[in-house]
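*Asks:* Structure file coords-v4.tsv (TSV, C-alpha atoms) right here:
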chain	number	residue	atom	x	y	z
A	1264	MET	CA	88.03	34.36	133.86
A	1265	LEU	CA	90.93	36.19	135.56
A	1266	PHE	CA	91.17	38.72	138.36
A	1267	ASN	CA	93.02	41.94	139.19
A	1268	THR	CA	96.46	41.69	140.70
A	1269	ASN	CA	95.39	43.51	143.88
A	1270	VAL	CA	93.83	40.29	145.17
A	1271	THR	CA	95.87	38.20	147.57
A	1272	SER	CA	97.61	35.11	146.25
A	1273	VAL	CA	95.37	32.85	148.31
A	1274	LEU	CA	92.22	34.33	146.78
A	1275	LEU	CA	93.75	34.11	143.33
A	1276	VAL	CA	94.37	30.39	143.68
A	1277	LEU	CA	90.86	29.79	145.03
A	1278	LEU	CA	89.17	31.91	142.39
A	1279	THR	CA	91.18	30.48	139.53
A	1280	LEU	CA	90.08	27.02	140.58
A	1281	MET	CA	86.48	28.16	140.82
A	1282	LEU	CA	86.21	30.20	137.65
A	1283	SER	CA	88.95	28.96	135.33
A	1284	GLY	CA	88.55	28.29	131.64
A	1285	CYS	CA	85.13	27.40	130.37
A	1286	SER	CA	83.90	25.52	133.45
A	1287	PHE	CA	82.16	26.76	136.59
A	1288	PHE	CA	81.53	24.97	139.88
A	1289	LYS	CA	77.91	24.66	140.93
A	1290	GLY	CA	76.54	26.63	143.83
A	1291	ASP	CA	76.66	25.52	147.46
A	1292	ASP	CA	73.21	23.96	147.28
A	1293	ASP	CA	74.07	21.78	144.29
A	1294	ASP	CA	75.77	18.41	144.17
A	1295	ASP	CA	79.45	18.51	143.77
A	1296	GLU	CA	79.05	16.52	140.68
A	1297	ASP	CA	80.79	18.89	139.79
A	1298	ILE	CA	82.11	20.64	136.86
A	1299	ARG	CA	79.66	21.89	134.27
A	1300	GLN	CA	80.70	20.39	130.96
A	1301	PRO	CA	80.50	22.40	127.73
A	1302	ALA	CA	77.55	21.42	125.58
A	1303	GLU	CA	78.29	19.01	122.75
A	1304	LEU	CA	77.62	20.57	119.38
A	1305	VAL	CA	74.57	19.09	117.65
A	1306	ARG	CA	74.31	18.73	113.89
A	1307	PHE	CA	71.70	20.72	112.00
A	1308	ASP	CA	70.72	21.42	108.41
A	1309	GLU	CA	72.91	24.29	107.32
A	1310	GLU	CA	71.07	27.02	105.47
A	1311	VAL	CA	74.03	29.29	104.71
A	1312	ASN	CA	77.57	28.89	103.53
A	1313	ILE	CA	80.31	30.64	105.53
A	1314	GLU	CA	83.13	31.43	103.10
A	1315	ARG	CA	86.61	32.22	104.39
A	1316	LEU	CA	87.93	35.02	102.19
A	1317	TRP	CA	91.39	35.26	103.71
A	1318	SER	CA	93.31	34.66	106.92
A	1319	VAL	CA	96.49	36.45	108.02
A	1320	ALA	CA	98.82	35.89	110.97
A	1321	ILE	CA	99.06	39.11	113.00
A	1322	GLY	CA	101.36	37.83	115.76
A	1323	ARG	CA	101.35	35.78	118.94
A	1324	GLY	CA	98.09	35.08	120.72
A	1325	ALA	CA	97.58	36.51	124.21
A	1326	GLU	CA	98.87	34.65	127.27
A	1327	ASP	CA	96.36	36.55	129.43
A	1328	LYS	CA	92.86	35.30	128.57
A	1329	ALA	CA	91.34	38.57	129.83
A	1330	ILE	CA	92.86	40.30	126.80
A	1331	GLN	CA	90.40	40.59	123.91
A	1332	LEU	CA	92.08	42.20	120.92
A	1333	VAL	CA	89.36	43.31	118.53
A	1334	PRO	CA	90.06	44.32	114.91
A	1335	ALA	CA	88.71	47.59	113.52
A	1336	TYR	CA	88.07	48.84	110.00
A	1337	ALA	CA	88.03	52.16	108.18
A	1338	GLY	CA	87.34	52.48	104.48
A	1339	SER	CA	89.21	49.78	102.58
A	1340	ARG	CA	91.51	48.94	105.48
A	1341	VAL	CA	91.23	46.70	108.51
A	1342	PHE	CA	93.57	47.10	111.48
A	1343	ALA	CA	94.59	44.39	113.93
A	1344	ALA	CA	96.99	44.01	116.85
A	1345	SER	CA	98.57	41.02	118.56
A	1346	ALA	CA	99.69	40.51	122.14
A	1347	ASP	CA	103.39	40.51	121.20
A	1348	GLY	CA	103.18	44.15	120.09
A	1349	SER	CA	102.52	43.76	116.37
A	1350	VAL	CA	100.04	46.10	114.68
A	1351	LYS	CA	99.11	45.65	111.02
A	1352	ALA	CA	97.01	47.52	108.48
A	1353	LEU	CA	95.55	45.18	105.87
A	1354	ASN	CA	93.71	45.58	102.60
A	1355	SER	CA	90.19	44.47	103.50
A	1356	ALA	CA	89.62	42.95	100.05
A	1357	ASN	CA	92.50	40.48	100.06
A	1358	GLY	CA	94.27	40.69	103.43
A	1359	LYS	CA	97.52	42.03	101.99
A	1360	VAL	CA	99.65	43.92	104.50
A	1361	ILE	CA	99.79	47.66	103.83
A	1362	TRP	CA	102.01	48.48	106.79
A	1363	GLN	CA	103.16	46.78	109.98
A	1364	ILE	CA	104.95	47.93	113.10
A	1365	ASN	CA	105.75	46.69	116.59
A	1366	ILE	CA	104.91	49.16	119.33
A	1367	GLU	CA	108.04	48.19	121.28
A	1368	ASP	CA	110.02	49.99	118.55
A	1369	PHE	CA	108.48	53.24	119.80
A	1370	TYR	CA	110.36	52.82	123.09
A	1371	SER	CA	114.07	53.28	123.74
A	1372	ALA	CA	116.17	50.26	124.73
A	1373	GLU	CA	116.15	51.43	128.34
A	1374	GLU	CA	112.39	51.96	128.30
A	1375	ARG	CA	111.82	48.50	126.85
A	1376	LYS	CA	113.74	46.87	129.70
A	1377	VAL	CA	111.33	48.42	132.20
A	1378	ALA	CA	108.12	48.40	130.19
A	1379	PHE	CA	108.08	44.97	128.55
A	1380	ASN	CA	108.76	41.39	129.51
A	1381	ASP	CA	109.32	38.44	127.17
A	1382	SER	CA	106.85	36.33	129.16
A	1383	ALA	CA	104.11	39.01	129.25
A	1384	ASP	CA	101.82	40.53	126.65
A	1385	SER	CA	102.94	43.84	125.16
A	1386	ILE	CA	99.53	45.00	123.90
A	1387	THR	CA	96.66	44.61	126.36
A	1388	GLY	CA	93.85	46.60	124.73
A	1389	GLY	CA	92.86	47.45	121.18
A	1390	VAL	CA	92.21	48.20	118.45
A	1391	GLY	CA	90.59	51.62	118.64
A	1392	LEU	CA	90.12	53.87	115.60
A	1393	GLY	CA	89.17	57.49	115.16
A	1394	GLU	CA	90.54	60.96	114.49
A	1395	GLU	CA	92.90	59.37	111.87
A	1396	LEU	CA	94.54	57.34	114.66
A	1397	VAL	CA	95.05	53.65	115.46
A	1398	LEU	CA	95.00	53.19	119.25
A	1399	VAL	CA	96.16	50.42	121.58
A	1400	GLY	CA	96.89	50.07	125.27
A	1401	SER	CA	100.30	48.69	126.25
A	1402	SER	CA	101.48	46.67	129.25
A	1403	ALA	CA	103.65	49.68	130.06
A	1404	GLY	CA	100.46	51.49	131.11
A	1405	ASP	CA	100.45	53.70	128.02
A	1406	ILE	CA	98.08	54.56	125.23
A	1407	VAL	CA	99.99	54.28	121.96
A	1408	ALA	CA	98.53	56.31	119.09
A	1409	MET	CA	99.68	55.60	115.53
A	1410	ASN	CA	98.82	57.39	112.31
A	1411	GLN	CA	96.36	55.36	110.23
A	1412	SER	CA	98.16	56.30	107.01
A	1413	ASP	CA	101.51	54.63	107.70
A	1414	GLY	CA	101.66	53.34	111.29
A	1415	SER	CA	104.09	56.00	112.43
A	1416	LEU	CA	103.93	57.09	116.06
A	1417	ALA	CA	101.59	60.02	116.66
A	1418	TRP	CA	102.03	60.08	120.45
A	1419	ARG	CA	102.26	58.06	123.65
A	1420	ALA	CA	100.42	58.95	126.84
A	1421	ASP	CA	100.52	57.54	130.36
A	1422	THR	CA	97.42	56.02	131.91
A	1423	THR	CA	96.85	55.21	135.56
A	1424	SER	CA	96.70	51.41	135.10
A	1425	GLU	CA	96.23	48.65	132.53
A	1426	VAL	CA	93.84	49.25	129.64
A	1427	LEU	CA	92.13	46.00	128.62
A	1428	ALA	CA	89.46	47.45	126.30
A	1429	PRO	CA	90.00	49.27	123.00
A	1430	PRO	CA	90.55	53.03	123.48
A	1431	GLN	CA	87.87	55.09	121.75
A	1432	ALA	CA	88.25	58.23	119.62
A	1433	LYS	CA	85.49	60.53	118.41
A	1434	ASN	CA	84.40	64.17	118.56
A	1435	ASN	CA	87.96	65.45	119.04
A	1436	ILE	CA	88.68	63.28	122.07
A	1437	VAL	CA	90.40	59.98	122.86
A	1438	VAL	CA	89.19	58.08	125.92
A	1439	ALA	CA	90.56	54.96	127.61
A	1440	GLN	CA	89.18	52.99	130.54
A	1441	SER	CA	91.69	51.37	132.91
A	1442	ILE	CA	91.14	48.54	135.38
A	1443	ASP	CA	91.51	50.86	138.39
A	1444	GLY	CA	88.08	52.40	137.72
A	1445	LYS	CA	89.25	55.48	135.83
A	1446	ILE	CA	88.41	57.02	132.45
A	1447	ALA	CA	91.15	59.22	130.98
A	1448	ALA	CA	90.57	61.64	128.10
A	1449	PHE	CA	93.32	62.81	125.77
A	1450	ASP	CA	93.77	65.38	123.01
A	1451	PRO	CA	93.95	63.42	119.71
A	1452	LEU	CA	96.55	65.84	118.32
A	1453	ASP	CA	99.28	65.46	120.92
A	1454	GLY	CA	98.05	63.04	123.60
A	1455	SER	CA	97.91	65.63	126.36
A	1456	ARG	CA	95.48	64.65	129.11
A	1457	LEU	CA	92.24	66.63	129.12
A	1458	TRP	CA	90.56	65.16	132.18
A	1459	LEU	CA	90.36	62.11	134.44
A	1460	TYR	CA	87.16	60.60	135.82
A	1461	ALA	CA	87.51	58.21	138.77
A	1462	THR	CA	85.14	55.88	140.59
A	1463	SER	CA	85.64	53.50	143.50
A	1464	VAL	CA	86.68	49.92	142.78
A	1465	PRO	CA	85.79	46.97	145.05
A	1466	SER	CA	88.65	45.04	146.63
A	1467	LEU	CA	87.82	42.03	144.45
A	1468	THR	CA	86.82	42.39	140.80
A	1469	LEU	CA	86.79	40.38	137.61
A	1470	ARG	CA	89.78	41.09	135.42
A	1471	GLY	CA	88.48	43.28	132.63
A	1472	THR	CA	86.49	46.42	131.88
A	1473	SER	CA	83.65	47.45	129.64
A	1474	THR	CA	84.37	49.45	126.50
A	1475	PRO	CA	83.32	53.12	126.75
A	1476	ILE	CA	80.90	54.53	124.19
A	1477	VAL	CA	81.69	58.04	122.90
A	1478	THR	CA	78.84	60.17	121.58
A	1479	ASP	CA	78.16	63.72	122.75
A	1480	TYR	CA	79.00	62.16	126.13
A	1481	VAL	CA	81.17	59.30	127.34
A	1482	LEU	CA	79.10	56.32	128.52
A	1483	ALA	CA	80.98	53.98	130.86
A	1484	GLY	CA	80.30	51.00	133.13
A	1485	PHE	CA	82.41	50.08	136.15
A	1486	ALA	CA	83.32	47.18	138.44
A	1487	ASN	CA	81.16	48.58	141.25
A	1488	GLY	CA	78.00	47.97	139.21
A	1489	ARG	CA	77.50	51.63	138.30
A	1490	ILE	CA	77.25	53.40	134.97
A	1491	ALA	CA	78.17	57.01	134.33
A	1492	VAL	CA	77.33	59.53	131.62
A	1493	ILE	CA	80.33	61.87	131.53
A	1494	ASP	CA	80.45	65.34	130.02
A	1495	ILE	CA	82.89	65.15	127.10
A	1496	GLN	CA	84.35	68.61	127.72
A	1497	GLN	CA	84.80	68.72	131.48
A	1498	GLY	CA	84.94	65.07	132.51
A	1499	LEU	CA	82.15	65.46	135.07
A	1500	ALA	CA	79.31	62.96	135.47
A	1501	VAL	CA	75.92	64.29	134.44
A	1502	MET	CA	74.44	60.95	135.47
A	1503	ASP	CA	75.76	58.25	137.80
A	1504	GLN	CA	73.50	55.29	138.44
A	1505	ARG	CA	73.77	51.86	140.03
A	1506	ILE	CA	72.41	48.98	137.95
A	1507	ALA	CA	73.47	46.14	140.27
A	1508	ALA	CA	73.91	45.89	144.05
A	1509	SER	CA	76.59	43.81	145.75
A	1510	LEU	CA	74.68	41.11	147.63
A	1511	GLY	CA	75.68	37.91	149.40
A	1512	LYS	CA	78.03	36.99	152.21
A	1513	SER	CA	81.23	36.33	150.34
A	1514	ASP	CA	83.37	38.52	148.10
A	1515	LEU	CA	82.57	36.18	145.22
A	1516	GLU	CA	78.84	36.61	145.69
A	1517	ARG	CA	79.23	40.39	145.73
A	1518	LEU	CA	80.93	40.64	142.33
A	1519	VAL	CA	78.79	42.88	140.09
A	1520	ASP	CA	81.31	44.03	137.47
A	1521	ILE	CA	80.19	45.62	134.23
A	1522	ASP	CA	82.75	44.12	131.86
A	1523	GLY	CA	80.89	43.35	128.65
A	1524	LEU	CA	79.85	45.39	125.65
A	1525	MET	CA	77.05	47.92	126.15
A	1526	VAL	CA	74.48	48.77	123.48
A	1527	GLN	CA	73.14	52.22	122.63
A	1528	GLU	CA	70.06	52.30	120.41
A	1529	GLY	CA	68.64	55.76	119.78
A	1530	GLY	CA	68.27	57.45	123.14
A	1531	ASN	CA	68.34	54.20	125.13
A	1532	LEU	CA	71.29	52.46	126.75
A	1533	PHE	CA	71.32	48.72	127.50
A	1534	VAL	CA	73.82	47.46	130.08
A	1535	VAL	CA	74.36	44.12	131.84
A	1536	SER	CA	76.50	43.27	134.85
A	1537	TYR	CA	77.90	40.07	136.27
A	1538	GLN	CA	75.58	38.56	138.93
A	1539	GLY	CA	73.30	41.57	138.64
A	1540	ASN	CA	70.87	42.96	136.12
A	1541	LEU	CA	70.25	43.76	132.49
A	1542	VAL	CA	68.74	47.24	132.34
A	1543	ALA	CA	67.32	49.60	129.73
A	1544	ILE	CA	67.88	53.28	130.49
A	1545	ASP	CA	66.38	56.32	128.77
A	1546	LEU	CA	69.32	58.70	128.36
A	1547	ALA	CA	67.07	61.50	127.11
A	1548	LYS	CA	65.16	61.44	130.42
A	1549	ASN	CA	68.15	61.75	132.72
A	1550	GLY	CA	68.70	58.02	133.11
A	1551	GLN	CA	65.11	56.96	133.75
A	1552	LEU	CA	64.93	53.19	134.15
A	1553	LEU	CA	62.71	51.68	131.46
A	1554	TRP	CA	63.01	48.10	132.66
A	1555	ALA	CA	65.33	45.72	134.49
A	1556	ARG	CA	65.67	41.97	134.80
A	1557	GLU	CA	68.09	39.68	136.59
A	1558	ALA	CA	71.02	38.65	134.41
A	1559	SER	CA	74.71	37.80	134.57
A	1560	SER	CA	77.27	38.29	131.82
A	1561	THR	CA	80.96	39.01	131.42
A	1562	VAL	CA	80.95	39.62	127.65
A	1563	GLY	CA	77.82	41.72	127.28
A	1564	LEU	CA	75.33	42.52	124.59
A	1565	GLY	CA	74.57	42.84	120.90
A	1566	SER	CA	71.49	44.18	119.12
A	1567	GLY	CA	69.32	43.72	116.04
A	1568	PHE	CA	65.74	43.12	114.84
A	1569	GLY	CA	64.44	45.12	117.82
A	1570	ASN	CA	66.16	42.74	120.24
A	1571	VAL	CA	69.06	43.06	122.60
A	1572	TYR	CA	71.11	39.85	122.52
A	1573	LEU	CA	72.44	38.65	125.87
A	1574	ALA	CA	75.30	36.15	126.18
A	1575	THR	CA	75.02	34.99	129.79
A	1576	ALA	CA	77.86	33.93	132.06
A	1577	ASP	CA	76.78	30.32	131.38
A	1578	SER	CA	76.78	30.94	127.60
A	1579	GLU	CA	73.03	30.85	127.17
A	1580	LEU	CA	72.11	33.14	124.27
A	1581	ILE	CA	68.87	35.09	124.78
A	1582	ALA	CA	67.08	37.51	122.44
A	1583	ILE	CA	65.16	40.07	124.51
A	1584	ASP	CA	62.65	42.54	123.12
A	1585	MET	CA	64.04	46.04	123.67
A	1586	ASP	CA	60.65	47.55	124.43
A	1587	THR	CA	59.03	44.91	126.63
A	1588	SER	CA	62.04	43.04	128.15
A	1589	ARG	CA	60.33	39.76	127.21
A	1590	ASP	CA	62.26	36.87	125.67
A	1591	SER	CA	61.91	36.65	121.89
A	1592	TRP	CA	63.83	33.36	121.90
A	1593	ASP	CA	66.71	31.67	123.69
A	1594	THR	CA	69.07	28.76	123.12
A	1595	LYS	CA	71.01	26.64	125.59
A	1596	ALA	CA	72.78	24.71	122.82
A	1597	LEU	CA	76.07	26.52	123.58
A	1598	LEU	CA	76.03	26.27	127.39
A	1599	TYR	CA	79.46	26.60	129.04
A	1600	ARG	CA	81.21	27.06	125.69
A	1601	ASP	CA	82.42	30.57	126.65
A	1602	ILE	CA	80.66	32.34	123.80
A	1603	THR	CA	81.74	35.78	122.68
A	1604	SER	CA	79.65	38.94	122.60
A	1605	PRO	CA	76.78	38.49	120.10
A	1606	VAL	CA	77.05	40.53	116.89
A	1607	ALA	CA	74.26	40.99	114.32
A	1608	THR	CA	74.86	40.92	110.59
A	1609	GLY	CA	72.05	40.98	108.04
A	1610	SER	CA	69.39	38.51	109.18
A	1611	TYR	CA	71.79	36.69	111.46
A	1612	VAL	CA	73.53	36.91	114.82
A	1613	VAL	CA	77.00	35.41	115.25
A	1614	VAL	CA	79.01	34.26	118.26
A	1615	GLY	CA	82.33	32.46	118.64
A	1616	ASP	CA	83.27	29.87	121.26
A	1617	PHE	CA	86.25	28.46	123.17
A	1618	ASP	CA	86.71	25.65	120.62
A	1619	GLY	CA	87.15	28.16	117.79
A	1620	TYR	CA	83.77	27.73	116.10
A	1621	LEU	CA	81.79	30.63	114.69
A	1622	HIS	CA	78.05	29.99	115.08
A	1623	VAL	CA	75.44	31.71	112.90
A	1624	LEU	CA	71.84	31.89	114.14
A	1625	ALA	CA	68.73	33.44	112.61
A	1626	GLN	CA	67.74	36.67	114.32
A	1627	SER	CA	64.07	35.81	113.78
A	1628	ASP	CA	63.88	32.68	115.93
A	1629	GLY	CA	67.39	31.68	117.07
A	1630	ARG	CA	67.70	28.55	114.94
A	1631	PHE	CA	71.22	27.57	113.90
A	1632	VAL	CA	71.81	28.18	110.19
A	1633	GLY	CA	75.59	27.90	109.87
A	1634	ARG	CA	78.81	26.95	111.66
A	1635	GLN	CA	82.47	27.31	110.73
A	1636	MET	CA	85.71	26.32	112.45
A	1637	VAL	CA	87.82	29.48	112.46
A	1638	ASP	CA	90.68	29.00	114.93
A	1639	LYS	CA	91.59	25.74	116.70
A	1640	LYS	CA	92.98	27.69	119.66
A	1641	GLY	CA	89.61	29.32	120.27
A	1642	LEU	CA	87.71	32.57	119.80
A	1643	THR	CA	87.66	35.04	122.68
A	1644	SER	CA	87.21	38.36	120.90
A	1645	PRO	CA	83.87	39.32	119.35
A	1646	ALA	CA	83.42	39.49	115.60
A	1647	VAL	CA	83.45	42.86	113.85
A	1648	ILE	CA	80.99	43.47	111.02
A	1649	ASP	CA	81.51	45.56	107.88
A	1650	GLY	CA	78.42	45.12	105.72
A	1651	SER	CA	78.33	41.43	104.82
A	1652	ARG	CA	81.98	40.97	105.84
A	1653	ILE	CA	82.90	39.40	109.18
A	1654	TYR	CA	86.33	40.00	110.71
A	1655	ILE	CA	87.29	37.86	113.67
A	1656	TYR	CA	90.56	37.58	115.56
A	1657	GLY	CA	91.42	34.11	116.86
A	1658	ASP	CA	93.35	33.14	119.95
A	1659	SER	CA	96.22	31.87	117.79
A	1660	GLY	CA	96.85	35.45	116.64
A	1661	ARG	CA	95.28	35.15	113.18
A	1662	LEU	CA	92.75	37.55	111.70
A	1663	SER	CA	90.16	35.97	109.40
A	1664	ALA	CA	87.72	37.58	106.99
A	1665	LEU	CA	84.53	35.63	106.30
A	1666	GLU	CA	81.28	36.15	104.47
A	1667	ILE	CA	77.87	34.51	104.92
A	1668	ARG	CA	76.43	33.41	101.58
I'd like the structure from this file rewritten - as structure tokens, please.
*Replies:*
Amino acid sequence: MLFNTNVTSVLLVLLTLMLSGCSFFKGDDDDDEDIRQPAELVRFDEEVNIERLWSVAIGRGAEDKAIQLVPAYAGSRVFAASADGSVKALNSANGKVIWQINIEDFYSAEERKVAFNDSADSITGGVGLGEELVLVGSSAGDIVAMNQSDGSLAWRADTTSEVLAPPQAKNNIVVAQSIDGKIAAFDPLDGSRLWLYATSVPSLTLRGTSTPIVTDYVLAGFANGRIAVIDIQQGLAVMDQRIAASLGKSDLERLVDIDGLMVQEGGNLFVVSYQGNLVAIDLAKNGQLLWAREASSTVGLGSGFGNVYLATADSELIAIDMDTSRDSWDTKALLYRDITSPVATGSYVVVGDFDGYLHVLAQSDGRFVGRQMVDKKGLTSPAVIDGSRIYIYGDSGRLSALEIR
């Protein structure tokens, strides 16, 4: 878990020690016995077979663990990006490369000297798809838009800060959320900025942002524990609501970032913050709160079978009934294994972990039905589902296609 660069070096050292990797220190009232160890994986009777269809190297894995590069698919193609600037379009059936580019080639030699560094990641956010574009955020503070057909440059546009989540494109608009608490909207034809929505950012935040949802509005969550529903034409908030309050004496205790994936089901929005709440909001009734419960997550939510799936900050996986907020089931078998955002496919829900395993659980009762080693360097990015196909990008920089049989 990493933090924004506006924190002092002393705080960075302290916080890195406290929240590094997959281990967390216990609270002040606990023994110092110290570091919470990841749960050992327990054997079970496998009920499904997880078949690896193909695996392709996209490029170098990210040095910055806050970067989660998520693949995206459209039709018979799947698109993936790596931290070293590579973007590839692959045939989803067999993984063969259709086209490949490096975004640094879209910059002049002089621009590259300023914008990129051999020791830093070139792509920080992606992949977004829509409006016939492939979209990534670069370490230069740009949105880079490529044509889906051949990877050629469509346009580049400046943002106000780093973009760590995939830019989104829909309804004739491209939106990107940056770590300085801003949402920028661009014209998909030429990249001209349409509007900029800004919110206040606490002095100390987790390094990351949520991914905006684009419908008839833009739905966004921020580091100050607030969510906003933004008019897609004018960039003005039609609803702005706090879901978590900063409490406690220290800056650490007051962290309430919304960094994980949000879920929209029908007219309801489900959002979780770090050290705050999981809430259900009725968007059709001007943000009326349906229910709320204490929760803490940095990776967010999935949904299926009438449940919202919560991956907590401690890597407990909980299925919560969308209507009643009651637990349908939960499992602590993956505690402190840094699980990814839960994703539902068919009758199952899947999560990855820091060791590189993909875990398959039954949506009905949470029992483990399958497990597959995918990437020995770990899984940080959530899986992406296309029917029965699972695409997952590993920390080594490889994209794998799997199927549950």
*Asks:* Would you kindly return, as a ChimeraX atom specification, each protein, DNA or RNA residue with an atom no farther than 7 Å from any atom of Gly1404 (chain A), considering all atoms listed in the file and excluding same-chain residues fewer than 6 positions away?
*Replies:* /A:1421-1425
*Asks:* Measuring atom to atom with all atoms listed in the file, identify which of A:Met1636, A:Ile1366, A:Ala1507, A:Val1562 is nearest to Phe1379 (chain A).
*Replies:*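 Of A:Met1636, A:Ile1366, A:Ala1507, A:Val1562, the one nearest Phe1379 (chain A), counting all atoms listed in the file, is A:Ile1366.
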*Asks:* Taking 4 positions as the minimum chain separation for residues in the same chain, which residues sit within 8 Å of region 1353-1365 of chain A when counting all atoms listed in the file? Answer as a list in words.
*Replies:*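 Within the cut-off, the hits are Leu1316, Trp1317, Ser1318, Val1319, Ser1339, Arg1340, Val1341, Phe1342, Gly1348, Ser1349, Phe1369, Asp1413 and Gly1414 of chain A.
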*Asks:* Please indicate the distance in Å from CA of Asp1479 (chain A) to CA of Ala1420 (chain A), rounded to one decimal place.
*Replies:*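 So the two atoms, CA of Asp1479 (chain A) and CA of Ala1420 (chain A), lie 23.1 Å apart.
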*Asks:* Can you work out which one of A:Val1501, A:Ser1463, A:Val1305, A:Asn1570 has the shortest atom-to-atom distance to Lys1548 (chain A), counting all atoms listed in the file?
*Replies:*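 Counting all atoms listed in the file, the residue closest to Lys1548 (chain A) is A:Val1501.
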*Asks:* May I have the residues at most 6 Å from (101.3, 43.1, 121.3) in the file's coordinates, counting all atoms listed in the file, as a PyMOL selection string?
*Replies:* chain A and resi 1345-1349+1384-1386
*Asks:* Which residue is closest to Asn1312 (chain A)? Choose from A:Ile1476, A:Gln1635, A:Tyr1654, A:Thr1643 and count only C-alpha atoms.
*Replies:* A:Gln1635
*Asks:* I'd like to know which of A:Gly1615, A:Gly1444, A:Pro1475, A:Gly1454 is closest to Ala1646 (chain A), using all atoms listed in the file.
*Replies:*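 For Ala1646 (chain A), the nearest of the candidates is A:Gly1615.
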*Asks:* My list of candidates is A:Ile1436, A:Leu1427, A:Val1377, A:Leu1467. Which is closest to Asp1453 (chain A) when distances are computed with all atoms listed in the file?
*Replies:*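 Result for the nearest residue to Asp1453 (chain A): A:Ile1436.
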*Asks:* Rank nothing, just name the residue among A:Leu1452, A:Ser1627, A:Phe1533, A:Ser1513 nearest to Gly1484 (chain A), using only C-alpha atoms.
*Replies:*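 Distance minimum relative to Gly1484 (chain A) lands on A:Phe1533.
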*Asks:* Using the structure block above, produce a file of region 1440-1453 of chain A that contains N, CA and C atoms, as a PDB file, in the first residue's frame.
*Replies:*
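Dumped to out_7.pdb:
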ATOM      1  N   GLN A1440      -9.784  10.023 -13.850  1.00  0.00           N
ATOM      2  CA  GLN A1440      -9.665  10.508 -12.481  1.00  0.00           C
ATOM      3  C   GLN A1440      -8.194  10.518 -12.094  1.00  0.00           C
ATOM      4  N   SER A1441      -7.718  11.649 -11.587  1.00  0.00           N
ATOM      5  CA  SER A1441      -6.315  11.781 -11.186  1.00  0.00           C
ATOM      6  C   SER A1441      -6.208  11.808  -9.664  1.00  0.00           C
ATOM      7  N   ILE A1442      -4.988  11.594  -9.156  1.00  0.00           N
ATOM      8  CA  ILE A1442      -4.809  11.423  -7.715  1.00  0.00           C
ATOM      9  C   ILE A1442      -4.895  12.730  -6.937  1.00  0.00           C
ATOM     10  N   ASP A1443      -5.057  13.849  -7.643  1.00  0.00           N
ATOM     11  CA  ASP A1443      -5.223  15.137  -6.962  1.00  0.00           C
ATOM     12  C   ASP A1443      -6.689  15.484  -6.720  1.00  0.00           C
ATOM     13  N   GLY A1444      -7.589  14.495  -6.855  1.00  0.00           N
ATOM     14  CA  GLY A1444      -8.999  14.705  -6.559  1.00  0.00           C
ATOM     15  C   GLY A1444      -9.789  15.338  -7.677  1.00  0.00           C
ATOM     16  N   LYS A1445      -9.340  15.190  -8.908  1.00  0.00           N
ATOM     17  CA  LYS A1445     -10.018  15.809 -10.049  1.00  0.00           C
ATOM     18  C   LYS A1445     -10.494  14.751 -11.039  1.00  0.00           C
ATOM     19  N   ILE A1446     -11.617  15.059 -11.691  1.00  0.00           N
ATOM     20  CA  ILE A1446     -12.138  14.279 -12.817  1.00  0.00           C
ATOM     21  C   ILE A1446     -12.100  15.195 -14.033  1.00  0.00           C
ATOM     22  N   ALA A1447     -11.390  14.766 -15.078  1.00  0.00           N
ATOM     23  CA  ALA A1447     -11.317  15.545 -16.315  1.00  0.00           C
ATOM     24  C   ALA A1447     -12.083  14.818 -17.404  1.00  0.00           C
ATOM     25  N   ALA A1448     -12.827  15.577 -18.204  1.00  0.00           N
ATOM     26  CA  ALA A1448     -13.600  15.021 -19.316  1.00  0.00           C
ATOM     27  C   ALA A1448     -13.045  15.553 -20.628  1.00  0.00           C
ATOM     28  N   PHE A1449     -12.968  14.656 -21.623  1.00  0.00           N
ATOM     29  CA  PHE A1449     -12.374  15.006 -22.909  1.00  0.00           C
ATOM     30  C   PHE A1449     -13.300  14.601 -24.055  1.00  0.00           C
ATOM     31  N   ASP A1450     -13.155  15.305 -25.164  1.00  0.00           N
ATOM     32  CA  ASP A1450     -13.863  14.962 -26.395  1.00  0.00           C
ATOM     33  C   ASP A1450     -13.168  13.746 -27.012  1.00  0.00           C
ATOM     34  N   PRO A1451     -13.897  12.643 -27.275  1.00  0.00           N
ATOM     35  CA  PRO A1451     -13.243  11.447 -27.815  1.00  0.00           C
ATOM     36  C   PRO A1451     -12.697  11.625 -29.222  1.00  0.00           C
ATOM     37  N   LEU A1452     -13.124  12.661 -29.934  1.00  0.00           N
ATOM     38  CA  LEU A1452     -12.649  12.865 -31.301  1.00  0.00           C
ATOM     39  C   LEU A1452     -11.267  13.492 -31.361  1.00  0.00           C
ATOM     40  N   ASP A1453     -11.013  14.489 -30.500  1.00  0.00           N
ATOM     41  CA  ASP A1453      -9.734  15.188 -30.594  1.00  0.00           C
ATOM     42  C   ASP A1453      -9.024  15.382 -29.254  1.00  0.00           C
TER      43      ASP A1453
END
